[in-house]
Structure formats: structure tokens, C-alpha cells
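Text of the file data-v1.txt, holding compact mmCIF, C-alpha atoms:
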```
# COMPACT_ATOMS: atom_id res chain seq x y z
CA MET X 168 -34.61 -73.98 149.67
CA ILE X 169 -37.81 -72.35 150.82
CA ASP X 170 -39.59 -72.91 154.15
CA LEU X 171 -41.95 -75.90 153.93
CA ARG X 172 -44.26 -74.23 156.42
CA LEU X 173 -44.69 -71.29 154.06
CA LEU X 174 -45.43 -73.72 151.23
CA ARG X 175 -48.23 -75.35 153.25
CA GLU X 176 -49.70 -72.05 154.45
CA ASP X 177 -49.51 -70.13 151.16
CA PRO X 178 -49.05 -72.48 148.19
CA ASP X 179 -50.51 -69.90 145.80
CA ARG X 180 -47.62 -67.56 146.54
CA VAL X 181 -45.15 -70.31 145.64
CA ARG X 182 -47.10 -71.16 142.48
CA ALA X 183 -47.03 -67.49 141.46
CA SER X 184 -43.27 -67.39 142.02
CA GLN X 185 -42.73 -70.49 139.89
CA ARG X 186 -44.94 -69.03 137.17
CA ALA X 187 -42.98 -65.75 137.21
CA ARG X 188 -39.74 -67.70 136.85
CA GLY X 189 -41.13 -69.63 133.89
CA GLU X 190 -40.69 -72.83 135.89
CA ASP X 191 -42.98 -75.85 136.36
CA VAL X 192 -45.92 -74.90 138.60
CA ALA X 193 -46.92 -78.59 138.97
CA LEU X 194 -43.79 -79.02 141.10
CA VAL X 195 -45.58 -77.18 143.90
CA ASP X 196 -48.45 -79.70 144.05
CA ALA X 197 -46.05 -82.65 143.78
CA LEU X 198 -44.10 -81.23 146.71
CA LEU X 199 -47.25 -80.64 148.77
CA SER X 200 -48.29 -84.25 148.17
CA ALA X 201 -44.86 -85.63 149.12
CA ASP X 202 -44.77 -83.46 152.23
CA GLU X 203 -48.22 -84.71 153.31
CA ARG X 204 -47.10 -88.33 152.84
CA ARG X 205 -43.94 -87.60 154.79
CA ARG X 206 -45.85 -86.12 157.70
CA SER X 207 -48.62 -88.75 157.79
CA SER X 208 -46.16 -91.65 157.54
CA GLY X 209 -44.15 -90.05 160.33
CA VAL X 210 -47.24 -89.88 162.53
CA ARG X 211 -48.08 -93.51 161.74
CA PHE X 212 -44.51 -94.58 162.55
CA ASP X 213 -44.63 -92.77 165.90
CA GLU X 214 -48.01 -94.34 166.77
CA LEU X 215 -46.81 -97.85 165.90
CA ARG X 216 -43.58 -97.39 167.85
CA ALA X 217 -45.53 -96.17 170.89
CA GLU X 218 -47.79 -99.25 170.69
CA GLN X 219 -44.73 -101.45 170.28
CA LYS X 220 -43.15 -100.04 173.45
CA SER X 221 -46.38 -100.44 175.43
CA LEU X 222 -46.70 -104.02 174.25
CA GLY X 223 -43.13 -104.71 175.33
CA LYS X 224 -44.07 -103.76 178.89
CA LEU X 225 -47.21 -105.93 178.88
CA ILE X 226 -45.65 -109.20 177.66
CA PRO X 227 -43.57 -110.00 180.80
CA LYS X 228 -46.69 -109.56 182.99
CA ALA X 229 -49.09 -111.53 180.78
CA THR X 230 -50.46 -115.01 181.47
CA ALA X 231 -49.40 -117.86 179.20
CA ASP X 232 -52.57 -117.61 177.10
CA GLU X 233 -52.34 -113.79 176.83
CA LYS X 234 -48.62 -113.93 176.05
CA ALA X 235 -49.13 -115.99 172.89
CA GLU X 236 -51.60 -113.44 171.54
CA LEU X 237 -49.36 -110.52 172.54
CA LEU X 238 -46.31 -112.09 170.88
CA LYS X 239 -48.30 -112.57 167.71
CA ARG X 240 -49.29 -108.90 167.82
CA ALA X 241 -45.66 -107.95 168.52
CA GLU X 242 -44.53 -109.75 165.38
CA GLN X 243 -47.13 -107.92 163.31
CA LEU X 244 -46.13 -104.59 164.88
CA LYS X 245 -42.49 -105.25 164.08
CA ALA X 246 -43.36 -105.65 160.39
CA ASP X 247 -45.68 -102.62 160.45
CA VAL X 248 -43.03 -100.41 162.11
CA LYS X 249 -40.46 -101.46 159.54
CA ALA X 250 -42.88 -100.70 156.67
CA ALA X 251 -43.86 -97.34 158.16
CA ASP X 252 -40.21 -96.44 158.66
CA ALA X 253 -39.44 -97.24 155.01
CA GLU X 254 -42.49 -95.29 153.84
CA ARG X 255 -41.42 -92.29 155.94
CA ASP X 256 -37.87 -92.41 154.55
CA THR X 257 -39.11 -92.68 150.97
CA ALA X 258 -41.50 -89.74 151.39
CA ASP X 259 -38.82 -87.69 153.14
CA THR X 260 -36.31 -88.34 150.34
CA GLU X 261 -38.89 -87.41 147.69
CA THR X 262 -39.79 -84.25 149.59
CA GLN X 263 -36.15 -83.15 149.84
CA GLU X 264 -35.49 -83.90 146.16
CA LEU X 265 -38.51 -81.87 145.06
CA LEU X 266 -37.69 -79.06 147.48
CA LEU X 267 -34.21 -78.73 145.99
CA GLN X 268 -35.77 -78.25 142.54
CA LEU X 269 -37.83 -75.26 143.68
CA GLY X 270 -36.38 -71.78 143.13
CA ASN X 271 -36.36 -69.04 145.73
CA LEU X 272 -39.52 -66.98 146.11
CA VAL X 273 -39.45 -64.03 143.71
CA HIS X 274 -39.66 -60.65 145.45
CA PRO X 275 -43.03 -58.97 144.69
CA ASP X 276 -41.35 -55.88 143.19
CA VAL X 277 -39.36 -57.86 140.59
CA PRO X 278 -40.51 -57.20 137.00
CA VAL X 279 -42.12 -60.32 135.54
CA GLY X 280 -40.74 -61.66 132.28
CA GLY X 281 -37.64 -62.86 130.47
CA GLU X 282 -34.15 -61.49 129.91
CA GLU X 283 -35.30 -58.38 128.02
CA ASP X 284 -38.09 -57.46 130.45
CA PHE X 285 -35.81 -55.75 133.00
CA VAL X 286 -36.56 -52.28 134.33
CA THR X 287 -33.90 -49.54 134.17
CA LEU X 288 -33.62 -47.90 137.60
CA GLU X 289 -30.75 -45.44 137.14
CA THR X 290 -28.28 -44.19 134.53
CA HIS X 291 -24.87 -42.75 135.44
CA GLY X 292 -22.08 -41.00 133.54
CA GLU X 293 -21.82 -39.56 130.06
CA ILE X 294 -21.49 -41.66 126.90
CA ARG X 295 -18.68 -40.29 124.76
CA ASP X 296 -19.42 -39.03 121.26
CA PHE X 297 -16.40 -40.37 119.35
CA THR X 298 -17.67 -38.91 116.08
CA ALA X 299 -17.57 -35.45 117.61
CA GLU X 300 -14.07 -36.20 118.86
CA GLY X 301 -13.05 -37.04 115.30
CA PHE X 302 -12.17 -40.72 115.42
CA GLU X 303 -13.71 -44.17 115.21
CA PRO X 304 -13.37 -46.12 118.49
CA LYS X 305 -11.39 -49.36 118.42
CA ASP X 306 -12.73 -52.45 120.16
CA HIS X 307 -11.01 -53.82 123.25
CA LEU X 308 -9.18 -56.60 121.40
CA GLU X 309 -7.63 -54.20 118.89
CA LEU X 310 -6.65 -51.87 121.74
CA GLY X 311 -5.35 -54.79 123.82
CA THR X 312 -3.19 -55.92 120.91
CA LEU X 313 -1.79 -52.40 120.38
CA LEU X 314 -0.99 -52.13 124.09
CA GLY X 315 0.57 -55.59 124.24
CA ALA X 316 -2.06 -56.37 126.88
CA ILE X 317 -4.24 -59.18 125.47
CA ASP X 318 -3.29 -62.30 123.51
CA THR X 319 -6.27 -64.46 122.53
CA GLU X 320 -4.51 -66.27 119.67
CA ARG X 321 -2.00 -67.93 121.98
CA GLY X 322 -4.74 -68.45 124.56
CA ALA X 323 -6.64 -70.48 121.97
CA LYS X 324 -3.47 -72.32 120.94
CA VAL X 325 -2.71 -73.32 124.55
CA SER X 326 -6.21 -73.96 125.92
CA GLY X 327 -8.85 -73.58 123.20
CA SER X 328 -11.48 -70.99 122.37
CA ARG X 329 -12.53 -68.43 125.01
CA PHE X 330 -9.14 -68.56 126.75
CA TYR X 331 -6.59 -65.73 126.72
CA PHE X 332 -3.35 -64.35 128.11
CA LEU X 333 -3.12 -60.96 129.81
CA THR X 334 0.39 -59.73 129.06
CA GLY X 335 2.47 -56.70 130.01
CA VAL X 336 0.22 -53.81 131.02
CA GLY X 337 -2.78 -56.15 130.69
CA ALA X 338 -1.48 -58.27 133.56
CA LEU X 339 -0.60 -55.14 135.53
CA LEU X 340 -4.07 -53.72 134.87
CA GLU X 341 -5.69 -56.86 136.33
CA LEU X 342 -3.55 -56.63 139.47
CA ALA X 343 -4.38 -52.94 139.77
CA LEU X 344 -8.10 -53.64 139.49
CA VAL X 345 -7.99 -56.43 142.06
CA ASN X 346 -5.98 -54.36 144.53
CA ALA X 347 -8.16 -51.27 144.09
CA ALA X 348 -11.34 -53.33 144.48
CA MET X 349 -10.01 -55.04 147.59
CA ALA X 350 -8.98 -51.65 149.00
CA GLN X 351 -12.52 -50.32 148.53
CA ALA X 352 -14.05 -53.44 150.05
CA THR X 353 -11.70 -53.40 153.03
CA ALA X 354 -12.43 -49.72 153.65
CA ALA X 355 -16.15 -50.62 153.68
CA GLY X 356 -15.57 -53.25 156.39
CA PHE X 357 -15.30 -56.43 154.32
CA THR X 358 -12.84 -59.12 155.39
CA PRO X 359 -10.56 -59.98 152.44
CA MET X 360 -10.62 -63.69 151.55
CA LEU X 361 -8.64 -65.87 149.13
CA THR X 362 -10.99 -68.79 148.54
CA PRO X 363 -10.72 -72.35 147.17
CA ALA X 364 -11.47 -72.79 143.48
CA LEU X 365 -12.49 -76.45 143.99
CA VAL X 366 -15.46 -77.32 146.19
CA ARG X 367 -17.40 -80.41 147.23
CA PRO X 368 -20.83 -81.24 145.78
CA GLN X 369 -22.68 -80.16 148.94
CA SER X 370 -21.12 -76.68 148.67
CA MET X 371 -22.12 -76.32 145.02
CA ALA X 372 -25.62 -77.71 145.55
CA GLY X 373 -26.11 -75.66 148.71
CA THR X 374 -25.61 -72.40 146.87
CA GLY X 375 -28.01 -73.45 144.11
CA PHE X 376 -25.54 -73.98 141.25
CA LEU X 377 -26.43 -77.60 140.50
CA GLY X 378 -29.94 -76.79 139.33
CA GLN X 379 -30.47 -74.45 136.38
CA ALA X 380 -26.77 -73.57 136.24
CA ALA X 381 -25.45 -77.16 136.28
CA GLN X 382 -24.70 -77.15 132.54
CA ASP X 383 -22.28 -74.24 133.08
CA VAL X 384 -20.26 -75.97 135.82
CA TYR X 385 -17.00 -77.89 135.40
CA HIS X 386 -16.93 -81.19 137.32
CA LEU X 387 -13.85 -83.30 138.08
CA ASP X 388 -15.33 -86.81 138.04
CA LYS X 389 -12.30 -88.57 139.48
CA ASP X 390 -12.26 -86.36 142.58
CA ASP X 391 -15.97 -85.47 142.72
CA LEU X 392 -15.07 -81.81 143.03
CA TYR X 393 -16.43 -78.79 141.17
CA LEU X 394 -14.60 -75.76 139.80
CA VAL X 395 -16.38 -72.66 141.09
CA GLY X 396 -17.96 -70.18 138.71
CA THR X 397 -17.74 -67.55 141.46
CA SER X 398 -16.23 -67.32 144.94
CA GLU X 399 -19.82 -66.90 146.14
CA VAL X 400 -19.89 -70.71 146.41
CA ALA X 401 -16.95 -70.95 148.80
CA LEU X 402 -18.01 -67.86 150.75
CA ALA X 403 -21.56 -69.20 151.22
CA ALA X 404 -20.28 -72.61 152.34
CA TYR X 405 -17.68 -71.05 154.66
CA HIS X 406 -20.16 -71.12 157.57
CA MET X 407 -21.94 -74.34 156.49
CA ASP X 408 -23.42 -76.30 159.45
CA GLU X 409 -22.75 -73.42 161.85
CA ILE X 410 -24.84 -71.33 164.22
CA ILE X 411 -23.76 -67.67 164.31
CA ASP X 412 -24.58 -65.38 167.23
CA ALA X 413 -26.75 -62.44 166.16
CA ASP X 414 -24.34 -59.88 167.63
CA ARG X 415 -21.70 -60.98 165.07
CA LEU X 416 -23.90 -59.93 162.15
CA PRO X 417 -23.51 -58.58 159.60
CA LEU X 418 -20.57 -60.70 158.43
CA ARG X 419 -19.09 -59.36 155.21
CA TYR X 420 -16.41 -61.04 153.11
CA ALA X 421 -14.64 -59.96 149.92
CA GLY X 422 -13.42 -63.04 148.09
CA PHE X 423 -10.86 -63.16 145.30
CA SER X 424 -10.70 -66.30 143.17
CA PRO X 425 -10.41 -67.65 139.67
CA CYS X 426 -13.82 -68.48 138.18
CA PHE X 427 -14.61 -71.18 135.63
CA ARG X 428 -17.66 -71.34 133.38
CA ARG X 429 -18.50 -73.60 130.46
CA GLU X 430 -20.57 -70.82 128.87
CA ALA X 431 -22.95 -73.53 127.70
CA GLY X 432 -25.53 -72.18 125.29
CA SER X 433 -23.41 -69.17 124.36
CA HIS X 434 -22.20 -70.57 121.03
CA GLY X 435 -21.65 -67.66 118.67
CA LYS X 436 -22.10 -65.01 121.39
CA ASP X 437 -19.23 -62.65 122.26
CA THR X 438 -16.68 -64.86 120.55
CA ARG X 439 -14.30 -61.97 119.91
CA GLY X 440 -11.97 -60.87 122.68
CA ILE X 441 -12.32 -61.45 126.42
CA PHE X 442 -15.88 -60.42 127.22
CA ARG X 443 -17.22 -63.99 127.57
CA VAL X 444 -14.53 -66.49 128.58
CA HIS X 445 -14.14 -69.85 130.34
CA GLN X 446 -11.74 -68.64 133.04
CA PHE X 447 -11.42 -65.26 134.73
CA ASP X 448 -10.64 -63.66 138.09
CA LYS X 449 -13.17 -61.82 140.21
CA VAL X 450 -13.57 -59.93 143.48
CA GLU X 451 -16.91 -60.88 145.03
CA MET X 452 -18.70 -59.34 148.01
CA PHE X 453 -20.70 -61.67 150.27
CA SER X 454 -22.88 -60.83 153.27
CA TYR X 455 -24.56 -62.76 156.08
CA VAL X 456 -27.35 -60.76 157.74
CA THR X 457 -30.62 -61.30 159.58
CA PRO X 458 -33.58 -61.91 157.23
CA GLU X 459 -35.08 -58.57 158.32
CA ASP X 460 -31.98 -56.72 157.09
CA SER X 461 -31.55 -58.44 153.72
CA GLN X 462 -33.32 -55.83 151.57
CA ALA X 463 -31.35 -52.98 153.16
CA GLU X 464 -28.11 -54.93 152.72
CA HIS X 465 -29.02 -55.51 149.07
CA GLN X 466 -29.18 -51.75 148.56
CA ARG X 467 -25.84 -51.34 150.36
CA LEU X 468 -24.17 -53.87 148.07
CA LEU X 469 -25.59 -52.05 145.05
CA GLU X 470 -24.22 -48.74 146.37
CA TRP X 471 -20.73 -50.26 146.72
CA GLU X 472 -20.93 -51.53 143.14
CA LYS X 473 -22.01 -48.09 141.91
CA GLN X 474 -19.17 -46.50 143.89
CA TRP X 475 -16.69 -48.84 142.19
CA LEU X 476 -17.92 -48.21 138.63
CA THR X 477 -18.09 -44.46 139.27
CA SER X 478 -14.48 -44.51 140.50
CA LEU X 479 -13.51 -46.18 137.21
CA GLU X 480 -15.23 -43.28 135.41
CA LEU X 481 -17.45 -45.60 133.39
CA PRO X 482 -20.92 -44.75 132.05
CA PHE X 483 -23.35 -47.36 133.36
CA ARG X 484 -26.96 -48.12 134.18
CA VAL X 485 -28.64 -50.11 136.96
CA ILE X 486 -31.36 -52.59 136.05
CA ASP X 487 -33.89 -54.58 138.07
CA VAL X 488 -33.50 -58.06 136.58
CA ALA X 489 -36.71 -59.76 135.40
CA SER X 490 -38.09 -62.83 137.16
CA ALA X 491 -37.16 -65.50 134.60
CA ASP X 492 -33.55 -64.26 134.54
CA LEU X 493 -32.88 -64.37 138.29
CA GLY X 494 -31.26 -67.77 138.73
CA SER X 495 -32.68 -70.19 141.28
CA SER X 496 -31.12 -68.66 144.43
CA ALA X 497 -31.99 -65.00 144.01
CA SER X 498 -35.19 -63.44 145.23
CA ARG X 499 -34.18 -60.17 143.57
CA LYS X 500 -31.17 -59.11 141.50
CA PHE X 501 -29.77 -55.77 140.37
CA ASP X 502 -27.22 -55.60 137.53
CA CYS X 503 -24.89 -52.71 136.76
CA GLU X 504 -24.25 -52.58 133.03
CA ALA X 505 -21.43 -50.48 131.54
CA TRP X 506 -21.63 -48.86 128.13
CA ILE X 507 -19.44 -50.63 125.55
CA PRO X 508 -18.84 -48.14 122.72
CA THR X 509 -18.07 -50.57 119.87
CA GLN X 510 -21.12 -52.67 120.72
CA GLY X 511 -23.34 -49.62 121.09
CA LYS X 512 -25.07 -51.02 124.16
CA TYR X 513 -24.84 -51.58 127.88
CA ARG X 514 -23.39 -54.90 129.07
CA GLU X 515 -23.38 -56.47 132.53
CA LEU X 516 -20.30 -55.75 134.65
CA THR X 517 -21.59 -56.37 138.16
CA SER X 518 -24.58 -58.09 139.71
CA THR X 519 -25.94 -58.27 143.26
CA SER X 520 -28.49 -60.79 144.51
CA ASP X 521 -30.58 -61.07 147.65
CA CYS X 522 -30.85 -64.81 148.28
CA THR X 523 -32.86 -64.35 151.51
CA GLU X 524 -32.86 -67.66 153.49
CA PHE X 525 -32.63 -69.89 150.40
CA GLN X 526 -28.93 -70.78 150.63
CA SER X 527 -28.71 -70.83 154.42
CA ARG X 528 -31.47 -73.45 154.65
CA ARG X 529 -29.66 -75.68 152.15
CA LEU X 530 -26.30 -75.18 153.86
CA SER X 531 -27.68 -75.32 157.43
CA ILE X 532 -26.40 -71.89 158.49
CA ARG X 533 -28.39 -70.34 161.29
CA VAL X 534 -28.37 -67.32 163.57
CA ARG X 535 -28.87 -67.51 167.35
CA ASP X 536 -30.87 -64.53 168.61
CA GLY X 537 -31.51 -65.01 172.32
CA LYS X 538 -33.15 -68.40 172.67
CA GLN X 539 -34.28 -68.46 169.04
CA VAL X 540 -32.23 -70.24 166.37
CA ARG X 541 -33.31 -69.68 162.75
CA PRO X 542 -31.94 -69.43 159.19
CA LEU X 543 -30.20 -66.19 158.27
CA ALA X 544 -30.03 -64.38 154.92
CA THR X 545 -27.15 -64.41 152.42
CA LEU X 546 -26.39 -61.89 149.68
CA ASN X 547 -23.71 -61.60 147.03
CA GLY X 548 -22.44 -58.86 144.79
CA THR X 549 -19.75 -58.69 142.13
CA LEU X 550 -17.29 -55.92 142.80
CA CYS X 551 -14.91 -56.56 139.91
CA ALA X 552 -15.13 -59.24 137.23
CA VAL X 553 -11.72 -58.53 135.70
CA PRO X 554 -11.97 -59.23 131.93
CA ARG X 555 -15.26 -57.40 131.40
CA THR X 556 -13.99 -54.47 133.45
CA ILE X 557 -10.84 -54.33 131.31
CA VAL X 558 -13.06 -54.33 128.19
CA ALA X 559 -15.05 -51.37 129.52
CA ILE X 560 -11.95 -49.43 130.62
CA LEU X 561 -10.08 -49.88 127.33
CA GLU X 562 -13.03 -48.93 125.15
CA ASN X 563 -14.35 -46.01 127.20
CA HIS X 564 -10.97 -44.43 128.01
CA GLN X 565 -9.26 -44.92 124.65
CA GLN X 566 -7.66 -42.03 122.80
CA ALA X 567 -7.25 -41.41 119.08
CA ASP X 568 -3.66 -42.73 118.96
CA GLY X 569 -4.63 -46.07 120.52
CA SER X 570 -3.44 -45.15 123.99
CA VAL X 571 -5.77 -45.53 126.98
CA ARG X 572 -6.20 -43.06 129.84
CA VAL X 573 -5.92 -44.70 133.28
CA PRO X 574 -8.72 -43.79 135.74
CA GLU X 575 -7.29 -41.96 138.76
CA VAL X 576 -8.36 -44.68 141.21
CA LEU X 577 -6.05 -47.18 139.48
CA ARG X 578 -2.97 -44.97 139.09
CA PRO X 579 -1.47 -45.70 142.53
CA TYR X 580 -1.57 -49.40 141.65
CA LEU X 581 0.12 -48.82 138.28
CA GLY X 582 3.14 -46.89 139.55
CA GLY X 583 1.42 -43.55 138.95
CA ARG X 584 0.94 -44.30 135.23
CA GLU X 585 -1.66 -41.96 133.71
CA VAL X 586 -1.76 -43.46 130.21
CA LEU X 587 -1.26 -46.91 128.75
CA GLU X 588 0.80 -46.44 125.59
CA PRO X 589 0.76 -48.65 122.48
CA VAL X 590 3.75 -50.92 122.11
CA THR X 591 2.93 -51.71 118.46
CA LYS X 592 1.56 -49.57 115.65
```
As a first step, turn the structure in this file into C-alpha cells.
Amino acid sequence: MIDLRLLREDPDRVRASQRARGEDVALVDALLSADERRRSSGVRFDELRAEQKSLGKLIPKATADEKAELLKRAEQLKADVKAADAERDTADTETQELLLQLGNLVHPDVPVGGEEDFVTLETHGEIRDFTAEGFEPKDHLELGTLLGAIDTERGAKVSGSRFYFLTGVGALLELALVNAAMAQATAAGFTPMLTPALVRPQSMAGTGFLGQAAQDVYHLDKDDLYLVGTSEVALAAYHMDEIIDADRLPLRYAGFSPCFRREAGSHGKDTRGIFRVHQFDKVEMFSYVTPEDSQAEHQRLLEWEKQWLTSLELPFRVIDVASADLGSSASRKFDCEAWIPTQGKYRELTSTSDCTEFQSRRLSIRVRDGKQVRPLATLNGTLCAVPRTIVAILENHQQADGSVRVPEVLRPYLGGREVLEPVTK
């Protein structure tokens, strides 16, 4: 959530942020009104309680005639205090509910607009000319079938659409990717973490995934637990309700977990293969830093993502995501999109978001710097979302005979294998 003080001092900035997100600007005025009622009812409650306490001291000393009048006033005060207390609680509840609906403040440098209004910041690597090489590229599912690596038919039989099996070298390729990604993250100073896949409502809400993204989340009604769509949720909630000493920052974690997404609203999109699925594994970077360091940390996370994709020898671009496509928690987001030859376009492989103090305020995570205690900043960045990375590797490193060249960074994790060979023709 955002700082209420900032809302009071600069409501136009918050309105502009809501407008850029394509969200309801009237929410700002409703929140200002609720906050004013909360504060004024709090003042009235305090004044009535103070009068009530003073009256309590006067009654024992009063004469018989005075006491009757004072007792009458005491009864009225008792009712007034109760009413003021209820009014304060109602206004406070309304304020908190409205505050939780408000997205993070959009960074001023973010391009304004919808999904297609991003700005391309960088382009890396060379896109292969398969025509010049003399063959038509196969898509990842055809390659995965030839390699005995991907089985979507049995995935659908067992679990339904958008589920799959990774088999043989496909399973080994996932393990290689995870181990290589964890090795890079550990070398960069991240603490490896294996995180829970089920979390409580306060963890999911605290990270901002029960707002706009609620339709994409799986909920277990009987247990009131949520399946995470990313280990970001567990990593953000890891320090919930804690105060962290400033000299411990930055704290950096690399979480590995299964991820679950309904993919609501994606009917008809990416239905072939394993690009858009309901369950996948991912290595996620997560940082806790001081608010002053969040923008620099955002650039560091982006550099680690670029290092990873470069090591996989993939052509990719970096985009500055537009305001309406940020998600509620992010103030700014950079995506790295790899070239997918058979689609003829770049597709998102990694994403890194600066969530500033938005999540830490909701999760009550603070930093102690001397005598000052204040919210800190949280950031997240995908290092390796496994299925999409497998898609990009198979399609970009395929050879005319259906084999796939293994990037050098993965070879130590695949027993030195340089090429994945077809098992069927």
C-alpha cells in the first residue's frame, strides 16, 4: 500500500498514477474522505475519553447535588464514547479497504499506456536466418516430441489442458536450467531458498496478488490456503512482521518453487505446447533494500537477468513495461523477451519489478536505521521460468536434423552433453 501521508500531501500525484494505470481515479477521493473521517473520529474519541477520565476524578469529590448532575453527564459520555469508538473503527476499516485497492505509485519514467505501449530499451544477440541455413524451423512442441522431451497429450489426459510432462532429456534439461540458474544466483550473493507452494491469505494479499491478479490464483477453500503463482509471494512474506537492522541489507534470496496460474482470460492464446501453462517451476530473485537503493537494485536485477539469457545464447530484447501493464505492486517493471523463431516475435522470458515500499507496508516489514524505523523496499526478478526457457532454447538452438545444440553454460549439468539428439524420426 502507499503512504497515507503522501496521499494527503500530494493527491494529484496519486490521481495521475491511477489514471496512468487505467484504474478508477475516484478511489483517491473516496480514500481521502474515509481517511479524514478516520482522523476526525479519532480526535473526537480521544477528547471524549479525556473528558470521561476527568469526570471520573470529579465525582467522588462532588456534593450530593453536583454528583447527580455529574453522573447524568457520565452516562451521556459513556454513550458518546461508545458511538465515537464505533465511528472510528468503521472509518478505519473503510480506509484500510480502500487503501488495499490502490496500486503502487507509477514511476515517472514509465511509458504511459497499455500492453503494446512499452518502450524497447536494448536488443541483444543475433536472430538466426533459417532460410539462409536451408531449412524451416520446427516449433518447440515438434522438437520436444522428436527429442522425447515433452508430452502434452498425456499431460492433458492426466490433468487437463495446459498441463504437460517433461520426459527424458526434457526432465534433465529442466534440472540443468534450475541448477545453472541457482549457481549464477549463488555466485552473485543470493541465498538459495526452497519455498512453500501454499500460503495463507495475508501472504497473498500482502504481496498484492488478491487484487487485479485474483482471478489467476488457485484457492483451496477447505484450508483457506492459496497456491502461489510465483515464489515471490513466499519470499516477500518471509520477513512479515519483522524489523530488519539496516546493516543486514541488502538481503537477497533466490527461491525455487512450483508455480500455479489459472491463466484466466487467456482462452485461445498459446494453446499449443508449453509456453502458457497452469503449472511450472521457476527460479525467482528477491531483494530487500532501503528505499533509497531500490532503483539501483532494480538495475542490478535486470543485469543478472541479461547475464542469464546471454549465457543461454538467446537473442532477446529489454522493454520498459507500460503503466497499465505493471500489476498493482510494481512501480516500474522491465521485461526481457526472447525471440521465438516459429512465432516470429519476442516473448517474455523474465521480468523484474521495483515494488518500492508497497509490499513492505502491507506485510509490516521495516528497517531499523539508528533510532528510525521505517518501511523498506522489495524487488523481484525472474531468473528462469523453466517451460518458456525450454521453448526458447529448443527453437533457437535447433539444427536441421531435429537435434538441438546445448548452450555451453548447461553442459556441465547435462553430463557434458553438447547436443540433444532425436529419439524418434
Report task. Find the residues around range 575-579 of chain X up to 9 Å (all atoms listed in the file counted), leave out those fewer than 5 positions away in its own chain, and share them as JSON, numbers by chain. Result -> {"X": [340, 343, 344, 346, 347, 478, 479, 480, 584, 585]}
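Near Phe453 in chain X, within 6 Å and counting all atoms listed in the file, sit Arg419, Tyr420, Leu546 and Asn547 of chain X, not including residues fewer than 2 positions from it in the same chain.
Taking CA of Pro482 in chain X and CA of Arg572 in chain X as endpoints, the distance between them is 15.0 Å.
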Mind dumping a table of every range 330-386 of chain X residue within 12 Å of range 490-506 of chain X, with the nearest atom pair and its distance in Å to one decimal, using only C-alpha atoms, sorted by chain and rising number, as CSV?
```
residue,atom,partner,partner_atom,distance
X:Met371,CA,X:Ser496,CA,11.8
X:Ala372,CA,X:Ser496,CA,10.6
X:Gly373,CA,X:Ser496,CA,9.6
X:Thr374,CA,X:Ser496,CA,7.1
X:Gly375,CA,X:Ser496,CA,5.7
X:Phe376,CA,X:Ser495,CA,8.1
X:Leu377,CA,X:Ser495,CA,9.7
X:Gly378,CA,X:Ser495,CA,7.4
X:Gln379,CA,X:Ser495,CA,6.9
X:Ala380,CA,X:Gly494,CA,7.7
X:Ala381,CA,X:Ser495,CA,11.2
```
Original post:
Hey, which of X:Lys324, X:Arg529, X:Lys449, X:Arg182 ends up closest to Leu342 in chain X? Count only C-alpha atoms.
Top reply: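 Of X:Lys324, X:Arg529, X:Lys449, X:Arg182, the one nearest Leu342 in chain X is X:Lys449, counting only C-alpha atoms.
CA of Leu481 in chain X is positioned 11.1 Å from CA of Pro508 in chain X.
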Taking (-6.5, -67.4, 124.7) in the file's coordinates, which residues come within 10 Å, counting all atoms listed in the file, written as a VMD selection string? chain X and resid 317 to 333 440 to 441 444 to 446
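A straight line drawn from CA of Glu283 in chain X to CA of Ala544 in chain X is 28.1 Å long.
Among the candidates X:Glu214, X:Asp256, X:Asp276, X:Asp170, the one nearest to Asp487 in chain X when counting only C-alpha atoms is X:Asp276.
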Across X:Thr457, X:His386, X:Leu339, X:Gly270, the smallest distance to Ser184 in chain X, with all atoms listed in the file counted, is shown by X:Gly270
| request: Go through X:Asp179, X:Asp383, X:Asp460, X:Asp414 and flag the residue nearest Arg429 in chain X, using all atoms listed in the file for the distances. | output: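 Smallest separation from Arg429 in chain X among the options: X:Asp383.
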With distances taken over all atoms listed in the file, which residue among X:Gly189, X:Pro363, X:Ala489, X:Gly315 lies nearest Val336 in chain X?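 Once distances to Val336 in chain X are computed over all atoms listed in the file, the minimum belongs to X:Gly315.
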Nearest to Ala404 in chain X, restricted to all atoms listed in the file and choosing among X:Ala258, X:His465, X:Val586, X:Arg367, comes out as X:Arg367
**Study point:** Within 10 Å of range 391-397 of chain X using only C-alpha atoms, minus same-chain residues under 3 positions, as a ChimeraX atom specification
**Key:** /X:362-371,376,380,383-388,400-402,422-429,445-451,549,552
| request: Identify, on the basis of all atoms listed in the file, every residue whose closest approach to Asp259 in chain X does not exceed 7 Å; exclude the query and any residue fewer than 4 positions from it along the same chain; express the result as a ChimeraX atom specification. | output: /X:205,255,263
